[in-house]
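Q: There's a structure below that I have some questions on.
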Amino acid sequence: MALLSAVSSLLPFSYGATRLSSKASLASTTSGFNLSSLRNSPRNSLRLYVSRAIASNGGYTEVSENETPPPRTYTWPDNKRPRVCILGGGFGGLYTALRLESLVWPDDKKPQVVLVDQSERFVFKPMLYELLSGEVDVWEIAPRFSDLLTNTGIQFLRDRVKTLLPCDGLGVNGSQSSVTGGTVLLESGFNIEYDWLVLALGAEPKLDLVPGAMEFALPFYTLNDAIVRDLEGEREAEQIGEEELQNGSAIKVAVVGCGYGGVELAATISERLQDRGTVQAINVSKSILTSAPDGNREAAMKVLTSRKVQLLLGYLVRCIKRASGSEEEDGGGGYVLELEPTEKGVESQVIEADMVLWTVGTKPLLTELEQPSGGPSVLPLNVRGQAETDETLRVKGHPRIFALGDSSSLRDSNGKLLPTTAQVAFQEADFTGWNIWAAINNRPLLPFRFQNLGEMMTLGRYDAAISPSFIEGLTLDGPVGHAARKLAYLIRLPTDEHRFKVGVSWFAKSAVESVALLQSNLAKVFSSS
């Protein structure tokens, strides 16, 4: 009971409902499947959906995974205008589509754009932590593509990519072997013939790094990972007295990884749990946020220390096991993490946890695509599974294919791979849209140059840190940093209409909270007088 109460306080928002068994076994039912089955089943077993809004009067057609639909070819509205197919609706894909829509085109050259994504919603991933803390609503950071694209010429297909069949490879003499791009095969049976292709498929958590992580660790990477509130557990927890809560066993949460994702998650969870649980953050390095500005690192350390987050630095997770005697029919129970030190002379550790959250490693989804005839990849991929691109973001050897975000292995002027962050993908989308315009209009393509604008992180409901790159040594933290971060992300939301709606919503919430705070302070003053 005590544990259910602690978990309920950790998961405060009401979009969807989940089943929470004893201790910290989480299983989301929001989207028709649970998180535990997602970890233990092949990802391609999920149901597929394809929008019919393009060919008919709207709505969705469900295609069962047990069916093999006959091949169908997507019909473009105009046979003369260029056809652009964008795979992936994250920062890279959606913002490229919107960039293409905003450019000025000759009447006969404005491209037809179709955007393909397996989800019905665009997710502003840097603000998933605010969803966990209850600071924002789902619609604010995860609007539906159908709503975002209502007033545009961009068409949306909800589907999964199965195979790429490009036919734009360069010949031996460097000339194009085809004037068309190729074909994309979707799992629903749709075939999309394109002139220009944009790869922005994103990535998924890499849980196969250590034994037991796939079975027992929970990622925090998608909207479904964030929506894990337990309504039944909360109702039961309301009946628990404070004394029983104090005498019961507090929930123990282990966060693996102390990069930005791990630190933001540990800070958010520790704030929610307060005295009802403990958070342990594990990192292979001897420090947190090894690549972050000093100001962000110091602000994070101050917050984590004040919230009594236990930092286990200089350890790697050797394996994750179910705790002895905790095997239950519903899959609940505690877990044991065996930690191995990275330095000699330091003893190994074994810690117990009721919930293990995994923030280490991602795998580009390009590696999940089927290859024609089971042969090697039709695209040049690096060891991580990212497409090799030139400085204009075109895939090497394929002049009609662009790749960005997690799907691209673009390097900076020093030869170092660019990080797969939202900031990089956002800027790459701007260049990709422009370079497609330039290619269609026979203009020179621009080389991508990343401009580091700074780094931001959330550290709780009213706490954040932001280090802008244009003022060396400056870090805004606390409530000021929190306000600056929200304003910066408000500006980055996809469309003007959505920015306006979210801005009004945030202003209204802030006003209500300010009035409540004022009333509370006045009540304290009158009660003491």
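Please note that chains go A, B, ... in the order of the structure tokens, that every chain numbers its residues from 1, and that ligands are numbered from 1 in the order shown.
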Would you pick out the contacts of Leu366 in chain A at 12 Å or less, using only C-alpha atoms, so that residues sharing its chain but fewer than 2 positions from it are not included, and give the list as a PyMOL selection string?

A: chain A and resi 87-88+160-164+199-204+362-364+368-371+377-388+403-409

Q: Out of range 156-362 of chain A, which residues get strand (DSSP E or B) from DSSP, as a PyMOL selection string?

A: chain A and resi 156-158+161-166+170+176+182-186+190-194+196-199+203-205+218-219+251-256+277-283+310-313+315-322+335-341+349-353+355-358+362

Q: Show which residues sit within 12 Å of Arg485 in chain A, as a short mmCIF file (atom, residue, chain, number, x, y, z; two decimals) with all heavy atoms, in the first residue's frame. Count only C-alpha atoms, and ignore same-chain residues fewer than 2 positions away.

A:
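So the final result, stored in part.cif, reads:
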data_model
loop_
_atom_site.label_atom_id
_atom_site.label_comp_id
_atom_site.auth_asym_id
_atom_site.auth_seq_id
_atom_site.Cartn_x
_atom_site.Cartn_y
_atom_site.Cartn_z
N PRO A 126 11.83 17.07 -25.64
CA PRO A 126 12.51 17.71 -24.51
C PRO A 126 11.59 18.07 -23.35
O PRO A 126 12.06 18.31 -22.24
CB PRO A 126 13.11 18.98 -25.14
CG PRO A 126 13.30 18.64 -26.57
CD PRO A 126 12.13 17.77 -26.91
N MET A 127 10.26 18.08 -23.58
CA MET A 127 9.34 18.46 -22.52
C MET A 127 8.53 17.27 -22.00
O MET A 127 7.51 17.46 -21.32
CB MET A 127 8.39 19.57 -23.00
CG MET A 127 9.10 20.84 -23.39
SD MET A 127 8.03 22.30 -23.46
CE MET A 127 7.80 22.63 -21.71
N GLU A 130 8.18 17.51 -18.20
CA GLU A 130 7.10 18.34 -17.71
C GLU A 130 5.77 17.59 -17.74
O GLU A 130 4.88 17.86 -16.92
CB GLU A 130 6.99 19.63 -18.53
CG GLU A 130 7.98 20.70 -18.12
CD GLU A 130 9.34 20.54 -18.79
OE1 GLU A 130 9.61 19.48 -19.35
OE2 GLU A 130 10.13 21.49 -18.75
N GLY A 454 23.37 26.93 -27.29
CA GLY A 454 23.42 26.71 -25.85
C GLY A 454 22.71 25.42 -25.47
O GLY A 454 22.21 24.69 -26.33
N GLU A 455 22.68 25.14 -24.18
CA GLU A 455 22.08 23.90 -23.70
C GLU A 455 21.14 24.19 -22.54
O GLU A 455 21.42 25.05 -21.70
CB GLU A 455 23.17 22.91 -23.27
CG GLU A 455 24.09 22.52 -24.43
CD GLU A 455 25.13 21.50 -24.03
OE1 GLU A 455 24.95 20.86 -22.97
OE2 GLU A 455 26.11 21.34 -24.76
N MET A 456 20.02 23.47 -22.53
CA MET A 456 19.00 23.66 -21.51
C MET A 456 18.61 22.33 -20.89
O MET A 456 18.71 21.28 -21.53
CB MET A 456 17.76 24.32 -22.11
CG MET A 456 18.00 25.66 -22.77
SD MET A 456 16.47 26.43 -23.38
CE MET A 456 16.03 25.31 -24.71
N MET A 457 18.15 22.39 -19.65
CA MET A 457 17.67 21.19 -18.98
C MET A 457 16.66 21.57 -17.91
O MET A 457 16.74 22.65 -17.31
CB MET A 457 18.84 20.41 -18.34
CG MET A 457 19.56 21.18 -17.26
SD MET A 457 21.03 20.33 -16.63
CE MET A 457 20.33 18.77 -16.16
N THR A 458 15.70 20.69 -17.67
CA THR A 458 14.75 20.90 -16.59
C THR A 458 15.25 20.17 -15.36
O THR A 458 15.86 19.09 -15.45
CB THR A 458 13.35 20.42 -16.97
OG1 THR A 458 12.45 20.70 -15.88
CG2 THR A 458 13.33 18.93 -17.24
N LEU A 459 15.00 20.76 -14.18
CA LEU A 459 15.42 20.15 -12.92
C LEU A 459 14.26 20.06 -11.94
O LEU A 459 14.47 19.88 -10.75
CB LEU A 459 16.57 20.96 -12.31
CG LEU A 459 17.88 20.94 -13.13
CD1 LEU A 459 18.85 21.98 -12.58
CD2 LEU A 459 18.50 19.56 -13.11
N ARG A 461 9.74 21.10 -11.29
CA ARG A 461 8.54 21.84 -11.71
C ARG A 461 8.80 23.34 -11.86
O ARG A 461 8.23 23.98 -12.73
CB ARG A 461 7.42 21.60 -10.71
CG ARG A 461 6.08 22.11 -11.17
CD ARG A 461 4.97 21.70 -10.24
NE ARG A 461 3.69 22.25 -10.67
CZ ARG A 461 2.86 21.70 -11.53
NH1 ARG A 461 3.18 20.55 -12.07
NH2 ARG A 461 1.71 22.27 -11.85
N TYR A 462 9.64 23.91 -11.00
CA TYR A 462 9.94 25.33 -11.10
C TYR A 462 11.45 25.58 -11.17
O TYR A 462 11.93 26.63 -10.77
CB TYR A 462 9.35 26.10 -9.90
CG TYR A 462 7.86 25.93 -9.77
CD1 TYR A 462 7.32 25.12 -8.78
CD2 TYR A 462 7.00 26.57 -10.66
CE1 TYR A 462 5.95 24.95 -8.67
CE2 TYR A 462 5.63 26.41 -10.55
CZ TYR A 462 5.11 25.60 -9.55
OH TYR A 462 3.75 25.44 -9.44
N ASP A 463 12.17 24.61 -11.68
CA ASP A 463 13.62 24.70 -11.68
C ASP A 463 14.16 24.21 -13.02
O ASP A 463 13.66 23.24 -13.58
CB ASP A 463 14.20 23.85 -10.55
CG ASP A 463 15.56 24.35 -10.09
OD1 ASP A 463 16.18 25.14 -10.83
OD2 ASP A 463 15.99 23.97 -8.99
N ALA A 464 15.17 24.89 -13.52
CA ALA A 464 15.82 24.50 -14.77
C ALA A 464 17.17 25.19 -14.83
O ALA A 464 17.51 26.02 -13.98
CB ALA A 464 14.97 24.88 -15.98
N ALA A 465 17.96 24.84 -15.84
CA ALA A 465 19.25 25.50 -16.07
C ALA A 465 19.41 25.70 -17.56
O ALA A 465 19.11 24.81 -18.36
CB ALA A 465 20.40 24.66 -15.51
N ILE A 466 19.87 26.88 -17.94
CA ILE A 466 20.09 27.20 -19.34
C ILE A 466 21.39 27.97 -19.47
O ILE A 466 21.62 28.95 -18.77
CB ILE A 466 18.90 28.01 -19.92
CG1 ILE A 466 19.20 28.48 -21.34
CG2 ILE A 466 18.52 29.17 -19.02
CD1 ILE A 466 18.00 29.13 -22.03
N SER A 467 22.27 27.49 -20.35
CA SER A 467 23.56 28.13 -20.60
C SER A 467 23.63 28.54 -22.06
O SER A 467 23.95 27.73 -22.93
CB SER A 467 24.71 27.17 -20.27
OG SER A 467 24.73 26.84 -18.90
N PRO A 468 23.30 29.79 -22.39
CA PRO A 468 23.36 30.24 -23.78
C PRO A 468 24.80 30.33 -24.25
O PRO A 468 25.69 30.72 -23.49
CB PRO A 468 22.69 31.62 -23.73
CG PRO A 468 22.86 32.08 -22.31
CD PRO A 468 22.84 30.84 -21.47
N THR A 475 24.95 31.19 -16.81
CA THR A 475 23.98 30.12 -16.62
C THR A 475 22.80 30.67 -15.84
O THR A 475 22.96 31.25 -14.76
CB THR A 475 24.57 28.93 -15.85
OG1 THR A 475 25.64 28.36 -16.61
CG2 THR A 475 23.52 27.86 -15.61
N LEU A 476 21.60 30.52 -16.38
CA LEU A 476 20.38 30.90 -15.70
C LEU A 476 19.78 29.65 -15.09
O LEU A 476 19.48 28.69 -15.80
CB LEU A 476 19.39 31.54 -16.67
CG LEU A 476 19.89 32.77 -17.45
CD1 LEU A 476 18.83 33.21 -18.46
CD2 LEU A 476 20.25 33.90 -16.51
N ASP A 477 19.61 29.65 -13.78
CA ASP A 477 19.04 28.47 -13.14
C ASP A 477 17.91 28.89 -12.21
O ASP A 477 17.58 30.08 -12.10
CB ASP A 477 20.10 27.67 -12.38
CG ASP A 477 20.79 28.48 -11.30
OD1 ASP A 477 20.47 29.68 -11.15
OD2 ASP A 477 21.65 27.93 -10.60
N GLY A 478 17.30 27.91 -11.57
CA GLY A 478 16.17 28.19 -10.70
C GLY A 478 14.95 28.63 -11.48
O GLY A 478 14.79 28.30 -12.67
N PRO A 479 14.05 29.40 -10.87
CA PRO A 479 12.83 29.86 -11.55
C PRO A 479 13.10 30.69 -12.81
O PRO A 479 12.35 30.62 -13.78
CB PRO A 479 12.12 30.70 -10.48
CG PRO A 479 12.64 30.16 -9.18
CD PRO A 479 14.05 29.77 -9.44
N VAL A 480 14.19 31.48 -12.79
CA VAL A 480 14.53 32.27 -13.97
C VAL A 480 14.89 31.36 -15.14
O VAL A 480 14.44 31.55 -16.29
CB VAL A 480 15.69 33.24 -13.66
CG1 VAL A 480 16.11 33.98 -14.92
CG2 VAL A 480 15.28 34.23 -12.59
N GLY A 481 15.72 30.36 -14.87
CA GLY A 481 16.06 29.40 -15.91
C GLY A 481 14.86 28.63 -16.39
O GLY A 481 14.72 28.33 -17.59
N HIS A 482 13.95 28.31 -15.46
CA HIS A 482 12.73 27.60 -15.82
C HIS A 482 11.88 28.42 -16.79
O HIS A 482 11.39 27.91 -17.81
CB HIS A 482 11.95 27.29 -14.55
CG HIS A 482 10.63 26.64 -14.79
ND1 HIS A 482 9.46 27.37 -14.89
CD2 HIS A 482 10.27 25.34 -14.95
CE1 HIS A 482 8.44 26.55 -15.10
NE2 HIS A 482 8.90 25.31 -15.14
N ALA A 483 11.72 29.71 -16.50
CA ALA A 483 10.92 30.57 -17.37
C ALA A 483 11.58 30.76 -18.72
O ALA A 483 10.91 30.74 -19.77
CB ALA A 483 10.70 31.92 -16.69
N LEU A 487 10.02 29.57 -22.41
CA LEU A 487 9.85 30.55 -23.48
C LEU A 487 10.58 30.11 -24.73
O LEU A 487 10.05 30.22 -25.85
CB LEU A 487 10.36 31.91 -23.02
CG LEU A 487 10.29 33.04 -24.06
CD1 LEU A 487 8.85 33.28 -24.49
CD2 LEU A 487 10.89 34.33 -23.50
N ALA A 488 11.82 29.60 -24.57
CA ALA A 488 12.58 29.14 -25.72
C ALA A 488 11.88 27.99 -26.43
O ALA A 488 11.83 27.94 -27.68
CB ALA A 488 13.98 28.71 -25.28
N TYR A 489 11.30 27.07 -25.68
CA TYR A 489 10.61 25.94 -26.30
C TYR A 489 9.26 26.35 -26.88
O TYR A 489 8.79 25.76 -27.86
CB TYR A 489 10.44 24.80 -25.29
CG TYR A 489 11.70 23.98 -25.11
CD1 TYR A 489 11.96 23.34 -23.90
CD2 TYR A 489 12.62 23.84 -26.14
CE1 TYR A 489 13.11 22.58 -23.73
CE2 TYR A 489 13.77 23.09 -25.98
CZ TYR A 489 14.00 22.46 -24.77
OH TYR A 489 15.15 21.70 -24.61
N LEU A 490 8.62 27.35 -26.27
CA LEU A 490 7.37 27.85 -26.85
C LEU A 490 7.61 28.38 -28.25
O LEU A 490 6.81 28.14 -29.18
CB LEU A 490 6.79 28.93 -25.94
CG LEU A 490 5.50 29.60 -26.43
CD1 LEU A 490 4.36 28.60 -26.47
CD2 LEU A 490 5.13 30.78 -25.53
N ILE A 491 8.71 29.09 -28.42
CA ILE A 491 9.06 29.64 -29.74
C ILE A 491 9.33 28.52 -30.74
O ILE A 491 9.07 28.68 -31.94
CB ILE A 491 10.28 30.57 -29.61
CG1 ILE A 491 9.94 31.78 -28.73
CG2 ILE A 491 10.77 31.04 -30.97
CD1 ILE A 491 11.12 32.65 -28.40
N ARG A 492 9.83 27.38 -30.27
CA ARG A 492 10.18 26.28 -31.16
C ARG A 492 9.02 25.36 -31.50
O ARG A 492 9.21 24.43 -32.30
CB ARG A 492 11.30 25.45 -30.51
CG ARG A 492 12.64 26.16 -30.42
CD ARG A 492 13.24 26.34 -31.80
NE ARG A 492 14.54 26.98 -31.75
CZ ARG A 492 15.70 26.34 -31.63
NH1 ARG A 492 15.70 25.01 -31.52
NH2 ARG A 492 16.83 27.00 -31.62
#

Q: If you count only C-alpha atoms, which residues fall within 12 Å of range 513-522 of chain A, apart from same-chain ones fewer than 6 positions away, as an NGL selection string?

A: :A and (135 or 462 or 506-507 or 528-529)

Q: Those residues with N, CA, C and O atoms, as a PDB file, in the first residue's frame please?

A:
ATOM      1  N   GLU A 135       3.220  19.392 -15.231  1.00  0.00           N
ATOM      2  CA  GLU A 135       3.282  20.823 -15.533  1.00  0.00           C
ATOM      3  C   GLU A 135       2.613  21.163 -16.862  1.00  0.00           C
ATOM      4  O   GLU A 135       2.128  22.286 -17.042  1.00  0.00           O
ATOM      5  N   TYR A 462       9.640  23.911 -11.002  1.00  0.00           N
ATOM      6  CA  TYR A 462       9.945  25.333 -11.104  1.00  0.00           C
ATOM      7  C   TYR A 462      11.449  25.576 -11.171  1.00  0.00           C
ATOM      8  O   TYR A 462      11.928  26.627 -10.766  1.00  0.00           O
ATOM      9  N   TRP A 506      -0.371  28.184 -21.066  1.00  0.00           N
ATOM     10  CA  TRP A 506       0.674  28.340 -20.049  1.00  0.00           C
ATOM     11  C   TRP A 506       0.481  29.617 -19.248  1.00  0.00           C
ATOM     12  O   TRP A 506       0.722  29.645 -18.035  1.00  0.00           O
ATOM     13  N   PHE A 507       0.070  30.691 -19.901  1.00  0.00           N
ATOM     14  CA  PHE A 507      -0.173  31.952 -19.190  1.00  0.00           C
ATOM     15  C   PHE A 507      -1.312  31.799 -18.185  1.00  0.00           C
ATOM     16  O   PHE A 507      -1.224  32.286 -17.055  1.00  0.00           O
ATOM     17  N   SER A 528      -0.782  34.018  11.488  1.00  0.00           N
ATOM     18  CA  SER A 528       0.291  34.307  12.435  1.00  0.00           C
ATOM     19  C   SER A 528       0.066  35.607  13.193  1.00  0.00           C
ATOM     20  O   SER A 528       0.739  35.887  14.177  1.00  0.00           O
ATOM     21  N   SER A 529      -0.866  36.432  12.706  1.00  0.00           N
ATOM     22  CA  SER A 529      -1.111  37.726  13.354  1.00  0.00           C
ATOM     23  C   SER A 529      -2.198  37.621  14.430  1.00  0.00           C
ATOM     24  O   SER A 529      -2.900  36.634  14.546  1.00  0.00           O
TER      25      SER A 529
END

Q: Tell me which protein, DNA and RNA residues are within 7 Å of range 276-292 of chain A, counting only C-alpha atoms, leaving out same-chain ones fewer than 3 positions away, and put them as a list in words.

A: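 Within the cut-off, the hits are Ala6, Ala250, Ile251, Lys252, Val253, Ala254, Val255, Val256, Gly257, Cys258, Gly259, Tyr260, Ala266, Ser270, Leu273, Asn296, Arg297, Val309, Gln310, Leu311, Leu312, Leu313, Gly314, Tyr315, Leu316 and Thr342 of chain A.
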
Q: Based on the backbone DSSP call, show me all residues of range 354-518 of chain A assigned alpha helix (DSSP H), as a compact mmCIF listing (two decimals) with N, CA and C atoms, in the first residue's frame.

A:
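Result saved to part22.txt:
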# COMPACT_ATOMS: atom_id res chain seq x y z
N ALA A 422 17.63 17.53 -30.28
CA ALA A 422 16.54 18.26 -30.92
C ALA A 422 17.06 19.53 -31.58
N GLN A 423 18.04 20.18 -30.97
CA GLN A 423 18.58 21.42 -31.53
C GLN A 423 19.24 21.17 -32.88
N VAL A 424 19.99 20.08 -32.99
CA VAL A 424 20.64 19.75 -34.27
C VAL A 424 19.59 19.41 -35.32
N ALA A 425 18.62 18.57 -34.96
CA ALA A 425 17.59 18.17 -35.92
C ALA A 425 16.78 19.37 -36.39
N PHE A 426 16.48 20.28 -35.49
CA PHE A 426 15.72 21.48 -35.84
C PHE A 426 16.45 22.30 -36.89
N GLN A 427 17.74 22.49 -36.71
CA GLN A 427 18.52 23.27 -37.67
C GLN A 427 18.72 22.51 -38.98
N GLU A 428 18.90 21.20 -38.89
CA GLU A 428 19.05 20.40 -40.10
C GLU A 428 17.79 20.43 -40.95
N ALA A 429 16.63 20.47 -40.31
CA ALA A 429 15.37 20.52 -41.05
C ALA A 429 15.28 21.79 -41.88
N ASP A 430 15.75 22.89 -41.33
CA ASP A 430 15.73 24.15 -42.07
C ASP A 430 16.60 24.06 -43.32
N PHE A 431 17.78 23.47 -43.18
CA PHE A 431 18.68 23.32 -44.32
C PHE A 431 18.15 22.29 -45.32
N THR A 432 17.56 21.21 -44.82
CA THR A 432 17.03 20.18 -45.72
C THR A 432 15.91 20.75 -46.59
N GLY A 433 15.00 21.47 -45.97
CA GLY A 433 13.93 22.09 -46.76
C GLY A 433 14.47 23.04 -47.81
N TRP A 434 15.44 23.85 -47.43
CA TRP A 434 16.03 24.78 -48.40
C TRP A 434 16.75 24.04 -49.52
N ASN A 435 17.49 23.00 -49.18
CA ASN A 435 18.27 22.29 -50.20
C ASN A 435 17.38 21.51 -51.15
N ILE A 436 16.23 21.03 -50.69
CA ILE A 436 15.28 20.41 -51.62
C ILE A 436 14.73 21.47 -52.57
N TRP A 437 14.45 22.66 -52.04
CA TRP A 437 14.02 23.77 -52.90
C TRP A 437 15.10 24.07 -53.93
N ALA A 438 16.35 24.13 -53.50
CA ALA A 438 17.45 24.45 -54.41
C ALA A 438 17.62 23.36 -55.46
N ALA A 439 17.50 22.10 -55.06
CA ALA A 439 17.66 21.00 -56.03
C ALA A 439 16.55 21.03 -57.08
N ILE A 440 15.33 21.27 -56.65
CA ILE A 440 14.20 21.31 -57.60
C ILE A 440 14.34 22.48 -58.56
N GLY A 478 17.30 27.91 -11.57
CA GLY A 478 16.17 28.19 -10.70
C GLY A 478 14.95 28.63 -11.48
N PRO A 479 14.05 29.40 -10.87
CA PRO A 479 12.83 29.86 -11.55
C PRO A 479 13.10 30.69 -12.81
N VAL A 480 14.19 31.48 -12.79
CA VAL A 480 14.53 32.27 -13.97
C VAL A 480 14.89 31.36 -15.14
N GLY A 481 15.72 30.36 -14.87
CA GLY A 481 16.06 29.40 -15.91
C GLY A 481 14.86 28.63 -16.39
N HIS A 482 13.95 28.31 -15.46
CA HIS A 482 12.73 27.60 -15.82
C HIS A 482 11.88 28.42 -16.79
N ALA A 483 11.72 29.71 -16.50
CA ALA A 483 10.92 30.57 -17.37
C ALA A 483 11.58 30.76 -18.72
N ALA A 484 12.92 30.93 -18.73
CA ALA A 484 13.63 31.11 -19.99
C ALA A 484 13.55 29.86 -20.86
N ARG A 485 13.63 28.70 -20.25
CA ARG A 485 13.55 27.44 -21.01
C ARG A 485 12.17 27.26 -21.63
N LYS A 486 11.12 27.53 -20.87
CA LYS A 486 9.78 27.37 -21.42
C LYS A 486 9.52 28.35 -22.55
N LEU A 487 10.02 29.57 -22.41
CA LEU A 487 9.85 30.55 -23.48
C LEU A 487 10.58 30.11 -24.73
N ALA A 488 11.82 29.60 -24.57
CA ALA A 488 12.58 29.14 -25.72
C ALA A 488 11.88 27.99 -26.43
N TYR A 489 11.30 27.07 -25.68
CA TYR A 489 10.61 25.94 -26.30
C TYR A 489 9.26 26.35 -26.88
N LEU A 490 8.62 27.35 -26.27
CA LEU A 490 7.37 27.85 -26.85
C LEU A 490 7.61 28.38 -28.25
N ILE A 491 8.71 29.09 -28.42
CA ILE A 491 9.06 29.64 -29.74
C ILE A 491 9.33 28.52 -30.74
N ARG A 492 9.83 27.38 -30.27
CA ARG A 492 10.18 26.28 -31.16
C ARG A 492 9.02 25.36 -31.50
N ASP A 496 2.37 28.45 -35.83
CA ASP A 496 1.94 29.67 -35.15
C ASP A 496 0.67 29.43 -34.34
N GLU A 497 -0.28 28.70 -34.92
CA GLU A 497 -1.54 28.44 -34.23
C GLU A 497 -1.31 27.64 -32.96
N HIS A 498 -0.46 26.61 -33.05
CA HIS A 498 -0.20 25.79 -31.86
C HIS A 498 0.56 26.59 -30.80
N ARG A 499 1.52 27.41 -31.24
CA ARG A 499 2.25 28.26 -30.29
C ARG A 499 1.30 29.19 -29.55
N PHE A 500 0.34 29.76 -30.26
CA PHE A 500 -0.61 30.68 -29.63
C PHE A 500 -1.45 29.96 -28.59
N LYS A 501 -1.99 28.81 -28.94
CA LYS A 501 -2.84 28.06 -28.02
C LYS A 501 -2.07 27.64 -26.78
N VAL A 502 -0.84 27.15 -26.97
CA VAL A 502 -0.04 26.71 -25.84
C VAL A 502 0.37 27.90 -24.98
N GLY A 503 0.73 29.01 -25.63
CA GLY A 503 1.10 30.21 -24.88
C GLY A 503 -0.03 30.69 -23.99
N VAL A 504 -1.25 30.70 -24.52
CA VAL A 504 -2.41 31.11 -23.72
C VAL A 504 -2.62 30.15 -22.55
N SER A 505 -2.47 28.85 -22.84
CA SER A 505 -2.66 27.84 -21.79
C SER A 505 -1.63 28.00 -20.69
N TRP A 506 -0.37 28.18 -21.07
CA TRP A 506 0.67 28.34 -20.05
C TRP A 506 0.48 29.62 -19.25
N PHE A 507 0.07 30.69 -19.90
CA PHE A 507 -0.17 31.95 -19.19
C PHE A 507 -1.31 31.80 -18.18
N ALA A 508 -2.37 31.10 -18.60
CA ALA A 508 -3.50 30.90 -17.70
C ALA A 508 -3.10 30.06 -16.49
N LYS A 509 -2.33 29.00 -16.74
CA LYS A 509 -1.87 28.16 -15.62
C LYS A 509 -1.00 28.96 -14.67
N SER A 510 -0.11 29.77 -15.23
CA SER A 510 0.77 30.58 -14.40
C SER A 510 -0.02 31.58 -13.56
N ALA A 511 -1.06 32.16 -14.16
CA ALA A 511 -1.89 33.11 -13.41
C ALA A 511 -2.62 32.42 -12.27
N VAL A 512 -3.16 31.25 -12.53
CA VAL A 512 -3.87 30.50 -11.48
C VAL A 512 -2.93 30.13 -10.35
N GLU A 513 -1.73 29.66 -10.70
CA GLU A 513 -0.76 29.28 -9.68
C GLU A 513 -0.30 30.50 -8.88
N SER A 514 -0.15 31.64 -9.55
CA SER A 514 0.27 32.86 -8.84
C SER A 514 -0.80 33.30 -7.85
N VAL A 515 -2.07 33.24 -8.25
CA VAL A 515 -3.16 33.60 -7.35
C VAL A 515 -3.22 32.65 -6.15
N ALA A 516 -3.04 31.35 -6.44
CA ALA A 516 -3.06 30.37 -5.35
C ALA A 516 -1.92 30.61 -4.38
N LEU A 517 -0.75 30.94 -4.90
CA LEU A 517 0.41 31.22 -4.05
C LEU A 517 0.18 32.47 -3.20
N LEU A 518 -0.40 33.49 -3.81
CA LEU A 518 -0.70 34.72 -3.08
C LEU A 518 -1.69 34.45 -1.96
